[in-house]
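Each remark here refers to the structure printed beneath this line.
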Amino acid sequence: MSSASPVHNLVIISSRSGLVAPGQGTQHLGLFDHLLRYGQAKALLTGRGWTGMTLGHWDGAGGSGWCTATKELPDGLTAAWDFHLDEHSYERDGYGNTASICVSGDLRFTSAGETILLAEVPPLILSEALRDADLAVGVTSTGLDPNGTGEYWQSYSFGDLTGTAEVRRDALTRLLPRLTIADRCSLEDRFLLVRGDPAHVQDPSRLGQHPHGAQRRLSVHRPPRHRRSGLPALRGGRWHVVDRSVQGVPPGRRRHHHRPVHRPPDPPLTGTIGMHLSPLAQRLFNLLTGTANDPSYWPEASQLSVGLVAQVQAGVGSSIAARYALDEQVRQRMVTPARELVEFLLQDDRRSGEPFSVLVAAGLAGMDAEVRSRHAEVRGPIAVAEMEVLLGWDVERRALFAEAVREPPYGTPQLPGVVEWLSGLPGYLDFARTALEMAEARVAAIHAGEIPYKAEKAFEDGEKAAIGRAVRLALFRDEPWLPELLDRLLRGIAVAPTQAKTLPSQGVLFEIARAAEEHPTPEAISALRAARRATRHAGVSKQLDRKFKRIEPALANRLEVAFRLPDGRVRQAVGEHTAVISTDGVVELSWWHGDKKLKAVPAAVRREHPDEVKRLRELAKQTRQQQATLIRALEAGYAGETVPPYRQLEGRSVTDRLIWEFEVSPGVWRGELGLTVPDLPVRLWHPARASQEEVRTWREVVQGKELRQPFKQAFREIYLLTPAEEATGTYSNRFAGHVVDYRRLRALFKDRGWASDFLGQWDGGHEGDAQRVMAGGRWRVTLSHGLYDEGYAVTDQVRFHRLAEGRWDQAPLAEVPALVFSEAMRDVDLFVAVTSIMVDPRWADHGPDRLQDYWRTSSFAALPPSAEVRRDALSRLIGRTAIADRCTITDRFLVVRGDLRTYKIHLGSANILMEPNDAYLCIVSAGDPHAGLFLPFEEDGRLALILSKAFLLANDTAITDPSISRQLRA
């Protein structure tokens, strides 16, 4: 993008007004920052000849959260339009699947690979390209949603007209005189104004038709709370201009514990037959649907109780639950408004819109029988079974349930601990099993022909949600009856009883997959894989493949469950040959003929058994993932407050390469290599629990045996609380202020099991938190970070929270268990060590001036614990190399004596200074002359890089690379 382009040479045709407007010279601004439905936008642009619009959350080709769609134009020109995924926004389709939202960026034009001024693009070519983009925005924008909210929705839905909307306006001026309602219509600027007659309005759901094609809908469930200032509204048969714009966060139920969030009250609700709610009934509705301003104290007290007690009578009690308990006086006062609300909610489509709100109101009104009868008529049997459980509870428990399962508003996290709370509710666990048995029986009846097959109609929406809650609870509790039942259910819903490629219910399939991602078990993963093999729907297979990438790593957080993963070793005859999947060290699929190991798949096997070869390769791939998950689970066990059931792993090859501790007498632990001592309490050895002498001994054992451990154990870093952290109390600045490569940081977050939102140049997108839940869900660590510049972020504080009574409370660092603190800080150290710009040796020449001081200071700073361990490993390795007499190790450097100069390789960044004046030497990479030298660990590649540079510089007279030799002789 040319920043020096003269503005007076520009011609930018606004996509909204069609007028010439000033701009940035090379980019079209009118199509910037639109929220588009990604799938629809991709299909539309692809159909119009655009390519390259591929977004995703995976790594690899095409898997970036950013992309550029391009279209070849006449005269050798190319239109290029940037997009990125908005990870804060998504929508759900009819099956409950998540649909991504993408954000449009710059639209520019290039010639011969160079960006050109818009004024240089021929007008007709410019117009046709912009028409494609205008059409994509006009068809796929989220601003078209008639029930939308938020700042973007307001600005788009009632903003200036696009080019297509201007044409639509012109067409309406020609059409209106021919209509019978011409005397009631007029066109004013952006709006078609229609004068109605309030005396005959029964469904006041449409106030005006906007020329974009989007109509603002007055939802009978929840009237609009955001209105653009100046939007004409009809009142009493006359036109008025109303101003109801609301600043701040999107509307909806706020879940900030113990803190009220204020917003203007909703206008009174109107039913489909003109029924208006009384103020108290309206108040009750707002409390039940989460649209009130009252704070939430879930699970101690419902928002309903808090609101009613605070309004009707001040409650006093020793606990929150007692303070907000509904007494008889409150209940009696609410009977009449509750009856009014029940009748209101049971009208027409309200039965499915607010099912649990109705049950709460019915409990207050004494109308359980009426609600039971009405719901039985319109809801599926599984949803009715769940309703029967709720009807057996008191009002407060119903209200807490409704609050727990309600979809939170955008930007608000789910309530923590909901599934655990459900497990303690009377009758709900029995319902969970009943619901899944009913679902499996129905699917079996569909396949037996007892129920007519209709694609995607096996379950209604309320049943899908109930099944999701049931399977989450069963997975969370790891119920023994679940695996077989879930396997039959998934196999049935994955494929039609006919030869069609459709499914009885994609919604239920993906609801179970999402539940398995939250509470994975090996058996659930196996059942989902069987469903993936059975389905004929290509789109479903792709969706499940994406989910497996998240489900299987998540299993590492459930140690006692992960240890049930199969060992993965296979020995199988295939014709005259034998296939072997081994798990000793690296997982490998090998082929044997008798006692001879072959280099590749035998030709006869490829020719005669191609399907079996494919299956075994897929099995080996799954085994690699299972081994990686098992290793992650073992490593995560360090931070656990209880010792995992390690004995389940006896006989596994992975245990032979790990150091274990056995309690030989009370409080006395003895370390052994391998899980070799029976019948004694056992735990994984950690250097934080060992003396320095013991640590040195085990490092010598690992080095001497050339033992490649599954994860860094003998050489593991230890992070202790520093005086500075004791002074700050609740946060650590140890790794704050580092400038890092943001894309690499995000990839490491995913690899190490940290959850984070994607940061970007949009409102609220400049700062974020990465979080990891540890110690079996009892502790959570948070790393704050923010965008620094294009493609870079800066790290900030590390904080810890403890789960207490269903919510996360910030904890003083001194109260964090030592191993939880050490393991969390080890991750953060790894993030900085791998992604900081200090590890880029080219930064000294090519980085921005404002970051030069940071780069130099960080590149040669004091060593963090990860580099201290690297220093210890090098001290053991260097003596075994051919350059031992040329190397010495100081506090921060590996000093290498060459023939031309003496070099200091920093043990943290691997950057190099040359004596005598500490001139910087840039070497991007070196060869591998130390091949065959055993390295005890290689988590980030830095140990091998330092050794490579040392071997290169020890023989500096043989260096032929001119970029290096020029620096040596400078």
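If you're wondering about the labels, chains in the structure tokens are A, B, ... by order shown, residues count from 1 in each chain, ligands from 1 in order shown.
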Checklist entry - What's the 12 Å shell around Leu616 of chain A, counting only C-alpha atoms, without same-chain residues fewer than 2 positions away, as a ChimeraX atom specification? => result /A:568-574,578-581,588-591,601,605-606,609-614,618-623
Next on the checklist: Taking only segment 100-175 of chain A into account, list the residues labelled alpha helix (DSSP H) by DSSP (computed from the backbone), as number ranges by chain.
Outcome noted: A: 123-140, 151-157, 163-175
Checklist entry - Within 8 Å of Tyr646 of chain A, counting only C-alpha atoms, which residues qualify if same-chain residues fewer than 6 places away don't, as an NGL selection string? => result :A and (563 or 682-683)
Write the selection just made, keeping all heavy atoms, as a compact mmCIF listing (two decimals), in the first residue's frame?
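And here's again.txt as it stands now:
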```txt
# COMPACT_ATOMS: atom_id res chain seq x y z
N PHE A 563 -6.10 -42.24 30.71
CA PHE A 563 -5.29 -43.44 30.91
C PHE A 563 -5.98 -44.69 30.35
O PHE A 563 -5.36 -45.76 30.30
CB PHE A 563 -4.99 -43.62 32.39
CG PHE A 563 -4.02 -42.61 32.94
CD1 PHE A 563 -3.78 -42.52 34.29
CD2 PHE A 563 -3.36 -41.72 32.09
CE1 PHE A 563 -2.90 -41.58 34.80
CE2 PHE A 563 -2.48 -40.79 32.59
CZ PHE A 563 -2.25 -40.71 33.95
N VAL A 682 2.47 -44.58 44.09
CA VAL A 682 3.41 -44.12 43.05
C VAL A 682 2.99 -42.75 42.55
O VAL A 682 1.81 -42.41 42.51
CB VAL A 682 3.47 -45.15 41.90
CG1 VAL A 682 2.11 -45.31 41.24
CG2 VAL A 682 4.51 -44.75 40.85
N ARG A 683 3.98 -41.96 42.16
CA ARG A 683 3.74 -40.66 41.51
C ARG A 683 4.90 -40.38 40.57
O ARG A 683 5.97 -40.99 40.67
CB ARG A 683 3.62 -39.56 42.56
CG ARG A 683 4.92 -39.25 43.29
CD ARG A 683 4.72 -38.22 44.40
NE ARG A 683 5.99 -37.87 45.04
CZ ARG A 683 6.10 -37.11 46.12
NH1 ARG A 683 4.99 -36.63 46.70
NH2 ARG A 683 7.29 -36.82 46.63
```
Checklist entry - Looking at A:Leu819, A:Arg772, A:Arg533, A:Leu509, which one is nearest to Tyr638 of chain A, with distances taken over only C-alpha atoms? => result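 Closest to Tyr638 of chain A, using only C-alpha atoms: A:Leu819.
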Checklist entry - Could you name the residues that touch Ala69 of chain A at 10 Å or less, counting only C-alpha atoms, but leaving out those on the same chain fewer than 5 positions away, as a list in words? => result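 Listing them by chain and then by number gives Lys42, Leu45, Thr46, Gly49, Trp50, Thr51, Gly52, Met53, Thr54, Ala79, Ala80, Trp81, Asp82, Phe83 and Leu107 of chain A.
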Checklist entry - For Arg699 of chain A, which residue out of A:Pro936, A:Gly651, A:Gly941, A:Gly290 is the nearest one, using only C-alpha atoms? => result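 Going through A:Pro936, A:Gly651, A:Gly941, A:Gly290 one by one, the smallest distance to Arg699 of chain A is for A:Pro936.
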Need to verify the contact set: Leu85 of chain A, 7 Å, only C-alpha atoms, exclusion of same-chain residues closer than 5 positions in sequence. Can you return it as a PDB file with N, CA and C atoms, in the first residue's frame?
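This went into out_38.pdb:
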```
ATOM      1  N   LEU A  55     -10.791 -19.545   4.765  1.00  0.00           N
ATOM      2  CA  LEU A  55     -10.483 -19.198   6.143  1.00  0.00           C
ATOM      3  C   LEU A  55     -10.685 -20.418   7.015  1.00  0.00           C
ATOM      4  N   GLY A  65      -6.493 -17.638   9.788  1.00  0.00           N
ATOM      5  CA  GLY A  65      -7.658 -16.819  10.092  1.00  0.00           C
ATOM      6  C   GLY A  65      -7.751 -15.600   9.193  1.00  0.00           C
ATOM      7  N   TRP A  66      -6.819 -15.472   8.240  1.00  0.00           N
ATOM      8  CA  TRP A  66      -6.791 -14.350   7.315  1.00  0.00           C
ATOM      9  C   TRP A  66      -6.688 -14.896   5.894  1.00  0.00           C
ATOM     10  N   ILE A 101     -18.299 -16.025  11.184  1.00  0.00           N
ATOM     11  CA  ILE A 101     -18.488 -14.684  10.659  1.00  0.00           C
ATOM     12  C   ILE A 101     -17.114 -14.153  10.264  1.00  0.00           C
ATOM     13  N   CYS A 102     -16.996 -13.590   9.070  1.00  0.00           N
ATOM     14  CA  CYS A 102     -15.740 -13.000   8.651  1.00  0.00           C
ATOM     15  C   CYS A 102     -15.903 -11.491   8.521  1.00  0.00           C
ATOM     16  N   VAL A 103     -14.781 -10.805   8.609  1.00  0.00           N
ATOM     17  CA  VAL A 103     -14.759  -9.354   8.547  1.00  0.00           C
ATOM     18  C   VAL A 103     -14.052  -8.940   7.267  1.00  0.00           C
TER      19      VAL A 103
END
```
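With only C-alpha atoms as the atoms that count, the residue of A:Phe401, A:Phe459, A:Trp481, A:Phe32 with the shortest distance to Asp430 of chain A is A:Trp481.
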Counting only C-alpha atoms, which residues of segment 547-595 of chain A sit at most 12 Å from some atom of segment 706-714 of chain A, and what is each one's closest atom pair with its distance in Å to one decimal, listed by chain and rising residue number, as a tab-separated table?
```
residue	atom	partner	partner_atom	distance
A:Thr583	CA	A:Pro710	CA	11.3
A:Asp584	CA	A:Pro710	CA	10.3
A:Gly585	CA	A:Arg708	CA	7.6
A:Val586	CA	A:Pro710	CA	9.5
A:Val587	CA	A:Pro710	CA	11.8
```
What would the file look like if the residues just selected were written as an mmCIF file, in the first residue's frame with N, CA, C and O atoms?
```
data_model
loop_
_atom_site.group_PDB
_atom_site.id
_atom_site.type_symbol
_atom_site.label_atom_id
_atom_site.label_comp_id
_atom_site.auth_asym_id
_atom_site.auth_seq_id
_atom_site.Cartn_x
_atom_site.Cartn_y
_atom_site.Cartn_z
ATOM 1 N N THR A 583 4.890 -48.782 19.467
ATOM 2 C CA THR A 583 4.768 -47.541 20.231
ATOM 3 C C THR A 583 5.978 -47.298 21.114
ATOM 4 O O THR A 583 5.932 -46.493 22.034
ATOM 5 N N ASP A 584 7.069 -48.004 20.851
ATOM 6 C CA ASP A 584 8.308 -47.786 21.610
ATOM 7 C C ASP A 584 9.006 -46.560 21.037
ATOM 8 O O ASP A 584 9.578 -46.607 19.944
ATOM 9 N N GLY A 585 8.947 -45.453 21.759
ATOM 10 C CA GLY A 585 9.501 -44.214 21.230
ATOM 11 C C GLY A 585 8.545 -43.610 20.230
ATOM 12 O O GLY A 585 7.403 -43.269 20.554
ATOM 13 N N VAL A 586 8.980 -43.497 18.982
ATOM 14 C CA VAL A 586 8.137 -42.933 17.927
ATOM 15 C C VAL A 586 7.179 -44.008 17.419
ATOM 16 O O VAL A 586 7.580 -45.147 17.171
ATOM 17 N N VAL A 587 5.906 -43.652 17.263
ATOM 18 C CA VAL A 587 4.926 -44.595 16.717
ATOM 19 C C VAL A 587 5.254 -44.854 15.249
ATOM 20 O O VAL A 587 5.431 -43.913 14.458
#
```
Next on the checklist: From the options A:Leu341, A:Leu900, A:Val405, A:Leu945, which residue's atoms come nearest to His276 of chain A, counting only C-alpha atoms?
Outcome noted: A:Leu341
Neighbours of segment 551-558 of chain A within 9 Å (only C-alpha atoms; same-chain residues fewer than 3 positions away dropped), as a compact mmCIF listing (two decimals) with all heavy atoms, in the first residue's frame?
```txt
# COMPACT_ATOMS: atom_id res chain seq x y z
N ALA A 513 -20.94 -34.29 19.68
CA ALA A 513 -19.53 -33.99 19.42
C ALA A 513 -19.06 -32.81 20.26
O ALA A 513 -17.95 -32.82 20.80
CB ALA A 513 -19.32 -33.71 17.93
N ARG A 514 -19.91 -31.78 20.38
CA ARG A 514 -19.54 -30.63 21.22
C ARG A 514 -19.44 -31.05 22.69
O ARG A 514 -18.56 -30.58 23.43
CB ARG A 514 -20.55 -29.50 21.05
CG ARG A 514 -20.39 -28.73 19.74
CD ARG A 514 -21.27 -27.50 19.73
NE ARG A 514 -22.68 -27.82 19.61
CZ ARG A 514 -23.32 -27.97 18.46
NH1 ARG A 514 -22.67 -27.82 17.31
NH2 ARG A 514 -24.61 -28.25 18.43
N ALA A 516 -18.59 -34.01 23.73
CA ALA A 516 -17.36 -34.80 23.86
C ALA A 516 -16.13 -33.90 23.88
O ALA A 516 -15.11 -34.24 24.50
CB ALA A 516 -17.26 -35.79 22.71
N GLU A 517 -16.20 -32.76 23.22
CA GLU A 517 -15.08 -31.81 23.27
C GLU A 517 -14.94 -31.22 24.67
O GLU A 517 -13.82 -30.99 25.14
CB GLU A 517 -15.30 -30.70 22.25
CG GLU A 517 -14.14 -29.72 22.15
CD GLU A 517 -14.36 -28.66 21.09
OE1 GLU A 517 -15.32 -28.79 20.30
OE2 GLU A 517 -13.58 -27.70 21.06
N GLU A 518 -16.06 -30.99 25.35
CA GLU A 518 -16.04 -30.43 26.69
C GLU A 518 -15.68 -31.48 27.74
O GLU A 518 -15.00 -31.17 28.72
CB GLU A 518 -17.40 -29.81 27.01
CG GLU A 518 -17.77 -28.64 26.11
CD GLU A 518 -19.22 -28.24 26.26
OE1 GLU A 518 -19.83 -28.59 27.30
OE2 GLU A 518 -19.77 -27.59 25.36
N HIS A 519 -16.14 -32.73 27.53
CA HIS A 519 -15.92 -33.79 28.52
C HIS A 519 -15.54 -35.08 27.77
O HIS A 519 -16.33 -36.03 27.73
CB HIS A 519 -17.17 -34.01 29.37
CG HIS A 519 -17.73 -32.75 29.95
ND1 HIS A 519 -17.14 -32.09 31.00
CD2 HIS A 519 -18.83 -32.02 29.61
CE1 HIS A 519 -17.84 -31.01 31.29
NE2 HIS A 519 -18.86 -30.95 30.47
N PRO A 520 -14.36 -35.13 27.19
CA PRO A 520 -14.02 -36.27 26.33
C PRO A 520 -13.74 -37.54 27.12
O PRO A 520 -13.28 -37.51 28.26
CB PRO A 520 -12.76 -35.79 25.61
CG PRO A 520 -12.15 -34.80 26.56
CD PRO A 520 -13.30 -34.12 27.25
N THR A 521 -14.04 -38.67 26.48
CA THR A 521 -13.63 -39.98 26.97
C THR A 521 -13.14 -40.78 25.76
O THR A 521 -13.56 -40.52 24.63
CB THR A 521 -14.80 -40.75 27.63
OG1 THR A 521 -15.78 -41.06 26.62
CG2 THR A 521 -15.45 -39.93 28.74
N PRO A 522 -12.26 -41.76 25.96
CA PRO A 522 -11.80 -42.57 24.83
C PRO A 522 -12.96 -43.28 24.12
O PRO A 522 -12.96 -43.40 22.89
CB PRO A 522 -10.85 -43.58 25.48
CG PRO A 522 -10.38 -42.91 26.73
CD PRO A 522 -11.55 -42.11 27.21
N ILE A 525 -14.87 -40.82 21.86
CA ILE A 525 -14.10 -40.55 20.64
C ILE A 525 -14.20 -41.72 19.69
O ILE A 525 -14.38 -41.55 18.48
CB ILE A 525 -12.63 -40.27 21.01
CG1 ILE A 525 -12.53 -38.97 21.82
CG2 ILE A 525 -11.78 -40.18 19.76
CD1 ILE A 525 -11.16 -38.70 22.37
N LYS A 547 -13.48 -31.43 14.41
CA LYS A 547 -13.74 -31.54 15.84
C LYS A 547 -12.78 -32.51 16.52
O LYS A 547 -12.39 -32.31 17.67
CB LYS A 547 -15.20 -31.97 16.07
CG LYS A 547 -16.20 -30.89 15.70
CD LYS A 547 -17.61 -31.28 16.05
CE LYS A 547 -18.59 -30.19 15.65
NZ LYS A 547 -18.31 -28.91 16.35
N PHE A 548 -12.36 -33.57 15.81
CA PHE A 548 -11.41 -34.52 16.40
C PHE A 548 -10.10 -33.81 16.77
O PHE A 548 -9.44 -34.19 17.75
CB PHE A 548 -11.12 -35.67 15.45
CG PHE A 548 -12.25 -36.66 15.32
CD1 PHE A 548 -12.67 -37.12 14.09
CD2 PHE A 548 -12.91 -37.11 16.45
CE1 PHE A 548 -13.71 -38.01 13.97
CE2 PHE A 548 -13.96 -38.01 16.35
CZ PHE A 548 -14.36 -38.46 15.10
N VAL A 561 -9.40 -40.49 32.89
CA VAL A 561 -10.08 -41.01 31.70
C VAL A 561 -9.08 -41.28 30.59
O VAL A 561 -9.16 -42.29 29.88
CB VAL A 561 -11.17 -40.01 31.23
CG1 VAL A 561 -11.82 -40.49 29.95
CG2 VAL A 561 -12.21 -39.83 32.32
N ALA A 562 -8.12 -40.38 30.42
CA ALA A 562 -7.13 -40.52 29.34
C ALA A 562 -6.31 -41.80 29.48
O ALA A 562 -5.87 -42.37 28.49
CB ALA A 562 -6.21 -39.31 29.32
N PHE A 563 -6.10 -42.24 30.71
CA PHE A 563 -5.29 -43.44 30.91
C PHE A 563 -5.98 -44.69 30.35
O PHE A 563 -5.36 -45.76 30.30
CB PHE A 563 -4.99 -43.62 32.39
CG PHE A 563 -4.02 -42.61 32.94
CD1 PHE A 563 -3.78 -42.52 34.29
CD2 PHE A 563 -3.36 -41.72 32.09
CE1 PHE A 563 -2.90 -41.58 34.80
CE2 PHE A 563 -2.48 -40.79 32.59
CZ PHE A 563 -2.25 -40.71 33.95
N GLN A 625 -1.73 -39.86 17.62
CA GLN A 625 -2.49 -38.86 18.34
C GLN A 625 -2.80 -39.33 19.76
O GLN A 625 -2.72 -38.56 20.72
CB GLN A 625 -3.79 -38.55 17.59
CG GLN A 625 -4.72 -37.57 18.30
CD GLN A 625 -4.07 -36.22 18.51
OE1 GLN A 625 -3.69 -35.55 17.56
NE2 GLN A 625 -3.94 -35.79 19.76
N GLN A 626 -3.13 -40.61 19.90
CA GLN A 626 -3.43 -41.14 21.22
C GLN A 626 -2.21 -41.11 22.12
O GLN A 626 -2.30 -40.78 23.32
CB GLN A 626 -3.97 -42.57 21.09
CG GLN A 626 -5.36 -42.64 20.49
CD GLN A 626 -5.76 -44.06 20.12
OE1 GLN A 626 -4.95 -44.97 20.17
NE2 GLN A 626 -7.01 -44.24 19.73
N ALA A 628 0.30 -38.99 21.84
CA ALA A 628 0.54 -37.58 22.17
C ALA A 628 -0.42 -37.12 23.26
O ALA A 628 -0.03 -36.38 24.18
CB ALA A 628 0.38 -36.72 20.92
N THR A 629 -1.67 -37.57 23.18
CA THR A 629 -2.65 -37.21 24.20
C THR A 629 -2.29 -37.82 25.55
O THR A 629 -2.37 -37.16 26.60
CB THR A 629 -4.05 -37.69 23.77
OG1 THR A 629 -4.41 -37.03 22.55
CG2 THR A 629 -5.09 -37.37 24.84
N LEU A 630 -1.87 -39.06 25.54
CA LEU A 630 -1.48 -39.73 26.78
C LEU A 630 -0.29 -39.04 27.43
O LEU A 630 -0.25 -38.83 28.66
CB LEU A 630 -1.15 -41.20 26.50
CG LEU A 630 -0.70 -42.04 27.69
CD1 LEU A 630 -1.76 -42.06 28.77
CD2 LEU A 630 -0.34 -43.45 27.25
N ILE A 631 0.68 -38.63 26.61
CA ILE A 631 1.86 -37.95 27.14
C ILE A 631 1.46 -36.60 27.73
O ILE A 631 1.94 -36.20 28.80
CB ILE A 631 2.92 -37.80 26.03
CG1 ILE A 631 3.51 -39.18 25.70
CG2 ILE A 631 4.01 -36.83 26.45
CD1 ILE A 631 4.34 -39.20 24.44
N ARG A 632 0.57 -35.88 27.04
CA ARG A 632 0.09 -34.61 27.58
C ARG A 632 -0.65 -34.82 28.90
O ARG A 632 -0.55 -34.02 29.83
CB ARG A 632 -0.83 -33.92 26.58
CG ARG A 632 -0.11 -33.15 25.50
CD ARG A 632 -1.07 -32.30 24.71
NE ARG A 632 -1.76 -31.35 25.58
CZ ARG A 632 -2.79 -30.62 25.20
NH1 ARG A 632 -3.25 -30.71 23.97
NH2 ARG A 632 -3.37 -29.79 26.03
N ALA A 633 -1.41 -35.90 28.98
CA ALA A 633 -2.14 -36.19 30.22
C ALA A 633 -1.16 -36.49 31.36
O ALA A 633 -1.35 -36.04 32.49
CB ALA A 633 -3.08 -37.37 30.00
N LEU A 634 -0.11 -37.26 31.06
CA LEU A 634 0.89 -37.54 32.08
C LEU A 634 1.55 -36.26 32.56
O LEU A 634 1.76 -36.06 33.77
CB LEU A 634 1.94 -38.50 31.50
CG LEU A 634 1.54 -39.97 31.41
CD1 LEU A 634 2.50 -40.73 30.51
CD2 LEU A 634 1.51 -40.59 32.80
N GLU A 635 1.89 -35.38 31.63
CA GLU A 635 2.54 -34.12 31.99
C GLU A 635 1.59 -33.24 32.80
O GLU A 635 2.00 -32.57 33.75
CB GLU A 635 2.99 -33.41 30.71
CG GLU A 635 3.98 -32.31 30.94
CD GLU A 635 4.53 -31.75 29.64
OE1 GLU A 635 3.97 -32.05 28.57
OE2 GLU A 635 5.50 -30.98 29.70
N ALA A 636 0.31 -33.23 32.40
CA ALA A 636 -0.67 -32.42 33.15
C ALA A 636 -0.87 -32.92 34.56
O ALA A 636 -1.28 -32.17 35.45
CB ALA A 636 -2.02 -32.42 32.40
N GLY A 637 -0.56 -34.20 34.79
CA GLY A 637 -0.73 -34.77 36.12
C GLY A 637 0.16 -34.14 37.17
O GLY A 637 -0.12 -34.26 38.37
N ASP A 751 -1.31 -25.59 21.08
CA ASP A 751 -0.51 -26.79 21.32
C ASP A 751 -0.41 -27.12 22.80
O ASP A 751 -0.38 -28.29 23.19
CB ASP A 751 0.89 -26.59 20.73
CG ASP A 751 1.75 -27.83 20.88
OD1 ASP A 751 1.41 -28.85 20.26
OD2 ASP A 751 2.76 -27.78 21.62
N GLY A 753 -2.66 -26.26 25.12
CA GLY A 753 -3.96 -26.38 25.77
C GLY A 753 -4.48 -25.10 26.39
O GLY A 753 -5.30 -25.15 27.31
N VAL A 773 -6.87 -24.16 32.20
CA VAL A 773 -7.42 -24.74 33.43
C VAL A 773 -6.53 -25.90 33.85
O VAL A 773 -6.17 -26.76 33.03
CB VAL A 773 -8.87 -25.21 33.21
CG1 VAL A 773 -9.40 -25.89 34.46
CG2 VAL A 773 -9.76 -24.02 32.83
N MET A 774 -6.16 -25.92 35.12
CA MET A 774 -5.19 -26.90 35.62
C MET A 774 -5.74 -27.58 36.88
O MET A 774 -6.78 -27.20 37.41
CB MET A 774 -3.87 -26.20 35.95
CG MET A 774 -3.30 -25.36 34.81
SD MET A 774 -1.79 -24.46 35.25
CE MET A 774 -0.63 -25.81 35.42
N ALA A 775 -4.98 -28.56 37.33
CA ALA A 775 -5.28 -29.25 38.60
C ALA A 775 -6.69 -29.80 38.63
O ALA A 775 -7.45 -29.59 39.58
CB ALA A 775 -5.04 -28.31 39.78
N GLY A 776 -7.07 -30.49 37.54
CA GLY A 776 -8.39 -31.10 37.50
C GLY A 776 -9.53 -30.11 37.50
O GLY A 776 -10.63 -30.42 37.97
N GLY A 777 -9.29 -28.91 36.98
CA GLY A 777 -10.34 -27.90 36.90
C GLY A 777 -10.44 -27.01 38.12
O GLY A 777 -11.35 -26.18 38.20
```
Item to check | Long-range neighbours of segment 834-837 of chain A as a PyMOL selection string, 12 Å cut-off, only C-alpha atoms, 2 positions minimum in chain | outcome: chain A and resi 735-749+791-795+827-832+839-844+846-848+851-859+866-867+908-911+939-942
Next on the checklist: Considering only C-alpha atoms, can you say which of A:Gln967, A:Leu73, A:Asp885, A:Leu528 comes closest to Glu128 of chain A?
Outcome noted: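 Checking each of A:Gln967, A:Leu73, A:Asp885, A:Leu528 against Glu128 of chain A, counting only C-alpha atoms, the winner is A:Leu73.
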Checklist entry - Do you have the atom CA of Ala321 of chain A-atom CA of Leu429 of chain A distance handy? => result 23.9 Å
Next on the checklist: Please identify the strand (DSSP E or B) residues within segment 431-644 of chain A (assignment by DSSP from backbone atoms) and present them as a ChimeraX atom specification.
Outcome noted: /A:570-574,577-582,588-593,596-598
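Rounded to one decimal, atom CA of Arg108 of chain A and atom CA of Gly765 of chain A lie 23.9 Å from each other.
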